[in-house]
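**Student:** File name work-v2.pdb; file contents PDB, C-alpha atoms and all ligand atoms; full text below.
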```pdb
ATOM      1  CA  MET F   5      88.508  79.236  90.642  1.00  0.00           C
ATOM      2  CA  ASN F   6      91.114  80.285  93.187  1.00  0.00           C
ATOM      3  CA  MET F   7      92.056  83.821  93.976  1.00  0.00           C
ATOM      4  CA  ALA F   8      95.518  84.618  92.681  1.00  0.00           C
ATOM      5  CA  HIS F   9      98.129  84.768  95.396  1.00  0.00           C
ATOM      6  CA  ARG F  10     100.567  87.631  95.366  1.00  0.00           C
ATOM      7  CA  VAL F  11     104.183  86.528  95.076  1.00  0.00           C
ATOM      8  CA  PHE F  12     107.579  87.933  95.919  1.00  0.00           C
ATOM      9  CA  ILE F  13     110.532  86.730  93.832  1.00  0.00           C
ATOM     10  CA  SER F  14     113.920  86.135  95.403  1.00  0.00           C
ATOM     11  CA  HIS F  15     116.740  85.841  92.883  1.00  0.00           C
ATOM     12  CA  LYS F  16     120.363  86.644  92.107  1.00  0.00           C
ATOM     13  CA  ARG F  17     120.903  89.543  89.713  1.00  0.00           C
ATOM     14  CA  GLU F  18     122.232  87.097  87.086  1.00  0.00           C
ATOM     15  CA  ASP F  19     118.748  85.539  86.891  1.00  0.00           C
ATOM     16  CA  LYS F  20     116.812  88.742  86.537  1.00  0.00           C
ATOM     17  CA  ALA F  21     115.667  87.880  83.010  1.00  0.00           C
ATOM     18  CA  TYR F  22     113.565  85.034  84.447  1.00  0.00           C
ATOM     19  CA  LYS F  23     111.930  87.370  86.921  1.00  0.00           C
ATOM     20  CA  ASN F  24     111.109  89.759  84.100  1.00  0.00           C
ATOM     21  CA  TYR F  25     109.644  86.912  82.097  1.00  0.00           C
ATOM     22  CA  ILE F  26     107.354  85.965  84.998  1.00  0.00           C
ATOM     23  CA  LEU F  27     106.364  89.605  85.432  1.00  0.00           C
ATOM     24  CA  ASN F  28     105.726  90.333  81.770  1.00  0.00           C
ATOM     25  CA  ASN F  29     104.533  87.055  80.297  1.00  0.00           C
ATOM     26  CA  LEU F  30     102.892  84.873  82.913  1.00  0.00           C
ATOM     27  CA  GLY F  31     100.299  87.164  84.428  1.00  0.00           C
ATOM     28  CA  VAL F  32     101.480  86.408  87.955  1.00  0.00           C
ATOM     29  CA  ASP F  33     100.448  88.925  90.602  1.00  0.00           C
ATOM     30  CA  MET F  34     103.803  89.950  92.024  1.00  0.00           C
ATOM     31  CA  ILE F  35     105.668  92.549  94.005  1.00  0.00           C
ATOM     32  CA  ASP F  36     108.502  93.886  91.882  1.00  0.00           C
ATOM     33  CA  LYS F  37     111.100  94.555  94.571  1.00  0.00           C
ATOM     34  CA  SER F  38     114.386  93.133  95.775  1.00  0.00           C
ATOM     35  CA  LEU F  39     116.188  93.631  99.033  1.00  0.00           C
ATOM     36  CA  ASN F  40     119.094  95.915  98.150  1.00  0.00           C
ATOM     37  CA  GLU F  41     120.318  97.424 101.368  1.00  0.00           C
ATOM     38  CA  ARG F  42     121.654  96.139 104.637  1.00  0.00           C
ATOM     39  CA  ILE F  43     119.248  96.514 107.488  1.00  0.00           C
ATOM     40  CA  ASP F  44     121.458  96.790 110.510  1.00  0.00           C
ATOM     41  CA  SER F  45     120.160  95.953 113.923  1.00  0.00           C
ATOM     42  CA  ASN F  46     120.972  93.453 116.621  1.00  0.00           C
ATOM     43  CA  ASP F  47     117.285  92.866 116.994  1.00  0.00           C
ATOM     44  CA  GLU F  48     116.659  90.010 114.550  1.00  0.00           C
ATOM     45  CA  ASP F  49     112.906  90.252 115.013  1.00  0.00           C
ATOM     46  CA  TYR F  50     113.067  93.878 114.009  1.00  0.00           C
ATOM     47  CA  VAL F  51     115.092  93.011 110.887  1.00  0.00           C
ATOM     48  CA  MET F  52     112.631  90.313 109.862  1.00  0.00           C
ATOM     49  CA  ARG F  53     109.620  92.561 110.458  1.00  0.00           C
ATOM     50  CA  LYS F  54     111.233  95.388 108.548  1.00  0.00           C
ATOM     51  CA  ILE F  55     111.976  93.228 105.489  1.00  0.00           C
ATOM     52  CA  ARG F  56     108.439  91.872 105.567  1.00  0.00           C
ATOM     53  CA  GLU F  57     106.933  95.330 105.745  1.00  0.00           C
ATOM     54  CA  ASP F  58     109.192  97.081 103.229  1.00  0.00           C
ATOM     55  CA  TYR F  59     109.733  94.319 100.681  1.00  0.00           C
ATOM     56  CA  LEU F  60     107.518  91.274 101.062  1.00  0.00           C
ATOM     57  CA  SER F  61     104.506  93.372 101.955  1.00  0.00           C
ATOM     58  CA  ASP F  62     101.254  91.451 101.412  1.00  0.00           C
ATOM     59  CA  SER F  63     102.775  88.584  99.403  1.00  0.00           C
ATOM     60  CA  THR F  64     101.845  85.069 100.551  1.00  0.00           C
ATOM     61  CA  VAL F  65     104.223  83.028  98.390  1.00  0.00           C
ATOM     62  CA  THR F  66     107.942  83.559  97.803  1.00  0.00           C
ATOM     63  CA  ILE F  67     109.412  82.236  94.588  1.00  0.00           C
ATOM     64  CA  PHE F  68     113.103  81.392  94.829  1.00  0.00           C
ATOM     65  CA  LEU F  69     114.876  81.187  91.454  1.00  0.00           C
ATOM     66  CA  ILE F  70     117.486  78.437  91.582  1.00  0.00           C
ATOM     67  CA  GLY F  71     120.265  79.281  89.155  1.00  0.00           C
ATOM     68  CA  LYS F  72     124.033  78.859  89.089  1.00  0.00           C
ATOM     69  CA  TYR F  73     124.674  81.604  91.600  1.00  0.00           C
ATOM     70  CA  SER F  74     122.277  80.771  94.428  1.00  0.00           C
ATOM     71  CA  ALA F  75     124.291  78.169  96.381  1.00  0.00           C
ATOM     72  CA  GLU F  76     125.104  78.435 100.075  1.00  0.00           C
ATOM     73  CA  ASN F  77     128.700  77.419  99.272  1.00  0.00           C
ATOM     74  CA  LEU F  78     129.331  80.691  97.443  1.00  0.00           C
ATOM     75  CA  GLY F  79     129.461  82.314 100.859  1.00  0.00           C
ATOM     76  CA  GLU F  80     127.233  84.036 103.379  1.00  0.00           C
ATOM     77  CA  GLU F  81     128.337  87.517 102.316  1.00  0.00           C
ATOM     78  CA  GLU F  82     127.579  86.836  98.646  1.00  0.00           C
ATOM     79  CA  GLN F  83     124.161  85.401  99.487  1.00  0.00           C
ATOM     80  CA  ILE F  84     123.139  87.787 102.246  1.00  0.00           C
ATOM     81  CA  TYR F  85     120.209  89.306 100.370  1.00  0.00           C
ATOM     82  CA  ILE F  86     118.585  86.125  99.168  1.00  0.00           C
ATOM     83  CA  LYS F  87     119.165  84.557 102.594  1.00  0.00           C
ATOM     84  CA  ARG F  88     117.449  87.500 104.274  1.00  0.00           C
ATOM     85  CA  GLU F  89     114.585  87.372 101.801  1.00  0.00           C
ATOM     86  CA  LEU F  90     113.989  83.692 102.480  1.00  0.00           C
ATOM     87  CA  GLN F  91     114.357  84.125 106.227  1.00  0.00           C
ATOM     88  CA  ALA F  92     111.809  86.930 106.254  1.00  0.00           C
ATOM     89  CA  SER F  93     109.545  84.787 104.078  1.00  0.00           C
ATOM     90  CA  LEU F  94     109.707  81.958 106.614  1.00  0.00           C
ATOM     91  CA  TYR F  95     109.260  84.278 109.569  1.00  0.00           C
ATOM     92  CA  ASP F  96     105.926  84.119 111.326  1.00  0.00           C
ATOM     93  CA  GLY F  97     105.143  87.671 112.338  1.00  0.00           C
ATOM     94  CA  LYS F  98     102.273  88.918 114.434  1.00  0.00           C
ATOM     95  CA  ALA F  99     100.724  90.895 111.599  1.00  0.00           C
ATOM     96  CA  ASN F 100     101.455  88.471 108.760  1.00  0.00           C
ATOM     97  CA  SER F 101     102.257  84.801 108.746  1.00  0.00           C
ATOM     98  CA  LYS F 102     104.989  83.028 106.834  1.00  0.00           C
ATOM     99  CA  ASN F 103     104.929  82.666 103.063  1.00  0.00           C
ATOM    100  CA  GLY F 104     104.805  79.461 101.104  1.00  0.00           C
ATOM    101  CA  ILE F 105     108.119  78.825  99.314  1.00  0.00           C
ATOM    102  CA  LEU F 106     108.305  77.772  95.680  1.00  0.00           C
ATOM    103  CA  GLY F 107     111.748  76.897  94.302  1.00  0.00           C
ATOM    104  CA  ILE F 108     112.017  77.079  90.522  1.00  0.00           C
ATOM    105  CA  VAL F 109     114.922  75.161  89.031  1.00  0.00           C
ATOM    106  CA  LEU F 110     116.249  77.139  86.069  1.00  0.00           C
ATOM    107  CA  PRO F 111     117.218  75.149  82.938  1.00  0.00           C
ATOM    108  CA  GLU F 112     120.978  75.481  83.448  1.00  0.00           C
ATOM    109  CA  MET F 113     120.549  73.663  86.795  1.00  0.00           C
ATOM    110  CA  TYR F 114     118.446  70.675  85.655  1.00  0.00           C
ATOM    111  CA  ASP F 115     121.428  68.341  85.383  1.00  0.00           C
ATOM    112  CA  SER F 116     122.947  69.452  88.664  1.00  0.00           C
ATOM    113  CA  ILE F 117     119.704  68.887  90.592  1.00  0.00           C
ATOM    114  CA  TYR F 118     117.754  66.070  88.934  1.00  0.00           C
ATOM    115  CA  LYS F 119     120.051  63.081  89.035  1.00  0.00           C
ATOM    116  CA  GLY F 120     117.725  60.153  88.367  1.00  0.00           C
ATOM    117  CA  ASN F 121     117.017  57.157  90.634  1.00  0.00           C
ATOM    118  CA  TYR F 122     119.175  55.386  93.131  1.00  0.00           C
ATOM    119  CA  SER F 123     118.568  52.219  95.084  1.00  0.00           C
ATOM    120  CA  CYS F 124     118.436  52.842  98.793  1.00  0.00           C
ATOM    121  CA  SER F 125     120.661  50.806 101.091  1.00  0.00           C
ATOM    122  CA  GLU F 126     118.313  51.434 104.035  1.00  0.00           C
ATOM    123  CA  CYS F 127     114.952  50.288 102.640  1.00  0.00           C
ATOM    124  CA  GLY F 128     115.976  48.530  99.423  1.00  0.00           C
ATOM    125  CA  GLY F 129     113.597  50.723  97.397  1.00  0.00           C
ATOM    126  CA  ASN F 130     114.259  53.289  94.706  1.00  0.00           C
ATOM    127  CA  HIS F 131     114.293  57.007  95.399  1.00  0.00           C
ATOM    128  CA  ASN F 132     114.711  60.015  93.157  1.00  0.00           C
ATOM    129  CA  HIS F 133     118.020  61.726  93.625  1.00  0.00           C
ATOM    130  CA  VAL F 134     117.177  65.411  93.866  1.00  0.00           C
ATOM    131  CA  SER F 135     120.304  67.314  94.732  1.00  0.00           C
ATOM    132  CA  ILE F 136     119.091  70.133  96.948  1.00  0.00           C
ATOM    133  CA  ASN F 137     121.996  71.028  99.235  1.00  0.00           C
ATOM    134  CA  ASN F 138     124.666  73.647  99.921  1.00  0.00           C
ATOM    135  CA  SER F 139     126.185  73.330  96.454  1.00  0.00           C
ATOM    136  CA  THR F 140     122.898  74.091  94.701  1.00  0.00           C
ATOM    137  CA  VAL F 141     120.823  76.328  97.036  1.00  0.00           C
ATOM    138  CA  ILE F 142     120.996  78.416 100.201  1.00  0.00           C
ATOM    139  CA  ALA F 143     120.415  76.586 103.481  1.00  0.00           C
ATOM    140  CA  GLU F 144     117.090  78.318 104.110  1.00  0.00           C
ATOM    141  CA  PHE F 145     115.729  76.428 101.122  1.00  0.00           C
ATOM    142  CA  SER F 146     117.445  73.058 101.516  1.00  0.00           C
ATOM    143  CA  TYR F 147     116.565  72.723 105.207  1.00  0.00           C
ATOM    144  CA  ASN F 148     112.894  73.402 104.584  1.00  0.00           C
ATOM    145  CA  TYR F 149     112.849  71.115 101.557  1.00  0.00           C
ATOM    146  CA  TYR F 150     114.507  68.168 103.270  1.00  0.00           C
ATOM    147  CA  ILE F 151     113.117  68.796 106.749  1.00  0.00           C
ATOM    148  CA  PRO F 152     115.130  66.470 109.005  1.00  0.00           C
ATOM    149  CA  LYS F 153     113.395  63.215 110.002  1.00  0.00           C
ATOM    150  CA  ASP F 154     114.009  59.528 110.645  1.00  0.00           C
ATOM    151  CA  LYS F 155     112.958  57.964 107.364  1.00  0.00           C
ATOM    152  CA  CYS F 156     115.251  57.498 104.345  1.00  0.00           C
ATOM    153  CA  SER F 157     113.072  59.364 101.845  1.00  0.00           C
ATOM    154  CA  TRP F 158     110.754  62.373 101.703  1.00  0.00           C
ATOM    155  CA  SER F 159     107.206  62.433 100.424  1.00  0.00           C
ATOM    156  CA  GLU F 160     105.478  65.634  99.365  1.00  0.00           C
ATOM    157  CA  ASP F 161     103.930  65.961 102.860  1.00  0.00           C
ATOM    158  CA  ASP F 162     107.375  65.868 104.468  1.00  0.00           C
ATOM    159  CA  ARG F 163     108.473  69.025 102.683  1.00  0.00           C
ATOM    160  CA  TYR F 164     107.566  72.633 103.212  1.00  0.00           C
ATOM    161  CA  CYS F 165     109.271  74.017 100.105  1.00  0.00           C
ATOM    162  CA  VAL F 166     107.761  73.115  96.751  1.00  0.00           C
ATOM    163  CA  LEU F 167     110.161  72.444  93.863  1.00  0.00           C
ATOM    164  CA  VAL F 168     109.419  72.713  90.143  1.00  0.00           C
ATOM    165  CA  LYS F 169     111.337  72.917  86.869  1.00  0.00           C
ATOM    166  CA  TRP F 170     111.182  76.213  85.013  1.00  0.00           C
ATOM    167  CA  ASP F 171     109.481  74.608  82.001  1.00  0.00           C
ATOM    168  CA  ASP F 172     106.723  73.064  84.126  1.00  0.00           C
ATOM    169  CA  PHE F 173     106.194  76.278  86.039  1.00  0.00           C
ATOM    170  CA  LYS F 174     105.987  78.319  82.848  1.00  0.00           C
ATOM    171  CA  SER F 175     103.127  76.203  81.529  1.00  0.00           C
ATOM    172  CA  LYS F 176     101.052  76.273  84.762  1.00  0.00           C
ATOM    173  CA  PRO F 177     102.263  79.017  87.073  1.00  0.00           C
ATOM    174  CA  GLU F 178      99.116  79.218  89.222  1.00  0.00           C
ATOM    175  CA  LYS F 179      99.151  75.487  89.928  1.00  0.00           C
ATOM    176  CA  TYR F 180     102.586  75.610  91.552  1.00  0.00           C
ATOM    177  CA  ILE F 181     101.972  78.897  93.328  1.00  0.00           C
ATOM    178  CA  ASP F 182      98.811  77.329  94.826  1.00  0.00           C
ATOM    179  CA  LEU F 183     100.750  74.261  95.986  1.00  0.00           C
ATOM    180  CA  ALA F 184     103.222  76.480  97.815  1.00  0.00           C
ATOM    181  CA  PHE F 185     100.423  78.621  99.238  1.00  0.00           C
ATOM    182  CA  ASP F 186      98.586  75.574 100.609  1.00  0.00           C
ATOM    183  CA  LYS F 187     101.661  74.388 102.530  1.00  0.00           C
ATOM    184  CA  ARG F 188     101.203  77.238 104.979  1.00  0.00           C
ATOM    185  CA  LYS F 189      98.235  75.466 106.565  1.00  0.00           C
ATOM    186  CA  ARG F 190      99.702  71.967 106.442  1.00  0.00           C
ATOM    187  CA  GLU F 191     101.121  70.140 109.425  1.00  0.00           C
ATOM    188  CA  ILE F 192     104.670  70.351 108.031  1.00  0.00           C
ATOM    189  CA  SER F 193     104.420  74.112 108.369  1.00  0.00           C
ATOM    190  CA  SER F 194     105.096  73.721 112.111  1.00  0.00           C
ATOM    191  CA  LYS F 195     108.539  72.218 111.369  1.00  0.00           C
ATOM    192  CA  THR F 196     110.106  74.989 109.301  1.00  0.00           C
ATOM    193  CA  LYS F 197     113.175  76.923 110.409  1.00  0.00           C
ATOM    194  CA  VAL F 198     113.955  80.571 109.678  1.00  0.00           C
ATOM    195  CA  ARG F 199     117.737  80.357 110.215  1.00  0.00           C
ATOM    196  CA  PRO F 200     118.908  76.785 109.751  1.00  0.00           C
TER     197      PRO F 200
HETATM  198 ZN    ZN F 301     114.984  54.180 101.294  1.00  0.00          ZN
END
```
As a first step, turn the structure in this file into structure tokens.

**Tutor:**
Amino acid sequence: MNMAHRVFISHKREDKAYKNYILNNLGVDMIDKSLNERIDSNDEDYVMRKIREDYLSDSTVTIFLIGKYSAENLGEEEQIYIKRELQASLYDGKANSKNGILGIVLPEMYDSIYKGNYSCSECGGNHNHVSINNSTVIAEFSYNYYIPKDKCSWSEDDRYCVLVKWDDFKSKPEKYIDLAFDKRKREISSKTKVRP
């Protein structure tokens, strides 16, 4: 049996009920905090360290709740807190290394994200159309999910972020948290970007 990994949950206030459900019903070991103030400094390393110390603390996995209000296209100012939380999660500090990232697609987003198969004009094969981009998530997530490369499709090893539907997560939370945790030691971990 694995040790439980401590998680930090990044979410918009509109999705707080899901965070509370995870906290109260799923037995996940989590830090119940959200970034709620601007940390002003021109020293980006300082800002990242500060968020890690004050908010992420000893978490090793960050859960990002993907709802209707977490898209990059809604504007940098609107998303500043979740962007900072993900950046700090991806930041490799001296004292603590980056977190694994687990994106949970909330039910109201299933249709906007999971769009079935399409036939690929490059390789002639079929790929799943998973719409992870600026109209569904912040760039810190989409970049590290579809890490740029030469091929036309992404396998699980080509991604740093792990993605799961809310209903699947709810039935096996530790399984998906473990998958995200394990990514930290995988080769793809060297290709992540803090500020895409
Ligand atoms: Zn293809």

**Student:** Tell me which residues the PyMOL selection byres (((chain F and resi 30) around 10) and not hetatm) grabs here, as a list of chain:residue names.

**Tutor:**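 With the PyMOL selection byres (((chain F and resi 30) around 10) and not hetatm) on this model, the match is F:Asn24, F:Tyr25, F:Ile26, F:Leu27, F:Asn28, F:Asn29, F:Gly31, F:Val32, F:Asp33, F:Phe173, F:Lys174, F:Ser175, F:Lys176, F:Pro177, F:Glu178.
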
**Student:** May I have the residues at most 12 Å from (106.1, 92.7, 109.6) in the file's coordinates, counting all atoms listed in the file, as a PDB file with C-alpha atoms, keeping the file's coordinate frame?

**Tutor:**
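Heads up, here's the output in result.pdb:
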```
ATOM      1  CA  GLU F  48     116.659  90.010 114.550  1.00  0.00           C
ATOM      2  CA  ASP F  49     112.906  90.252 115.013  1.00  0.00           C
ATOM      3  CA  TYR F  50     113.067  93.878 114.009  1.00  0.00           C
ATOM      4  CA  VAL F  51     115.092  93.011 110.887  1.00  0.00           C
ATOM      5  CA  MET F  52     112.631  90.313 109.862  1.00  0.00           C
ATOM      6  CA  ARG F  53     109.620  92.561 110.458  1.00  0.00           C
ATOM      7  CA  LYS F  54     111.233  95.388 108.548  1.00  0.00           C
ATOM      8  CA  ILE F  55     111.976  93.228 105.489  1.00  0.00           C
ATOM      9  CA  ARG F  56     108.439  91.872 105.567  1.00  0.00           C
ATOM     10  CA  GLU F  57     106.933  95.330 105.745  1.00  0.00           C
ATOM     11  CA  ASP F  58     109.192  97.081 103.229  1.00  0.00           C
ATOM     12  CA  TYR F  59     109.733  94.319 100.681  1.00  0.00           C
ATOM     13  CA  LEU F  60     107.518  91.274 101.062  1.00  0.00           C
ATOM     14  CA  SER F  61     104.506  93.372 101.955  1.00  0.00           C
ATOM     15  CA  ASP F  62     101.254  91.451 101.412  1.00  0.00           C
ATOM     16  CA  SER F  63     102.775  88.584  99.403  1.00  0.00           C
ATOM     17  CA  ALA F  92     111.809  86.930 106.254  1.00  0.00           C
ATOM     18  CA  SER F  93     109.545  84.787 104.078  1.00  0.00           C
ATOM     19  CA  LEU F  94     109.707  81.958 106.614  1.00  0.00           C
ATOM     20  CA  TYR F  95     109.260  84.278 109.569  1.00  0.00           C
ATOM     21  CA  ASP F  96     105.926  84.119 111.326  1.00  0.00           C
ATOM     22  CA  GLY F  97     105.143  87.671 112.338  1.00  0.00           C
ATOM     23  CA  LYS F  98     102.273  88.918 114.434  1.00  0.00           C
ATOM     24  CA  ALA F  99     100.724  90.895 111.599  1.00  0.00           C
ATOM     25  CA  ASN F 100     101.455  88.471 108.760  1.00  0.00           C
ATOM     26  CA  SER F 101     102.257  84.801 108.746  1.00  0.00           C
ATOM     27  CA  LYS F 102     104.989  83.028 106.834  1.00  0.00           C
TER      28      LYS F 102
END
```

**Student:** Extract, using all atoms listed in the file, all DNA, RNA and protein residues at most 8 Å from Cys156 of chain F, discarding same-chain residues fewer than 3 positions from it, and format them as a VMD selection string.

**Tutor:** chain F and resid 124 126 to 127

**Student:** May I ask which of the residues F:His9, F:Arg190, F:Lys20, F:His133 is the closest one to ligand ZN 301 (chain F), counting all atoms listed in the file?

**Tutor:**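 Looking only at the distances to ligand ZN 301 (chain F), the closest residue turns out to be F:His133.
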
**Student:** Tell me which of F:Arg42, F:Leu106, F:Tyr122, F:Ile151 sits closest to Lys179 of chain F, counting all atoms listed in the file.

**Tutor:**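 Among the listed residues, the smallest separation from Lys179 of chain F belongs to F:Leu106.
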
**Student:** Which residues would end up in the selection if the PyMOL selection byres (((chain F and resi 108) around 8) and not hetatm) were applied here, given that I need the answer as a list in words?

**Tutor:** Ile67, Phe68, Leu69, Ile70, Leu106, Gly107, Val109, Leu110, Leu167, Val168, Lys169, Trp170 and Phe173 of chain F

**Student:** When distances are computed from only C-alpha atoms and all ligand atoms, which of F:Thr66, F:Ser74, F:Asn46, F:Ser157 shows the smallest separation from ligand ZN 301 (chain F)?

**Tutor:**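 Nearest to ligand ZN 301 (chain F): F:Ser157.
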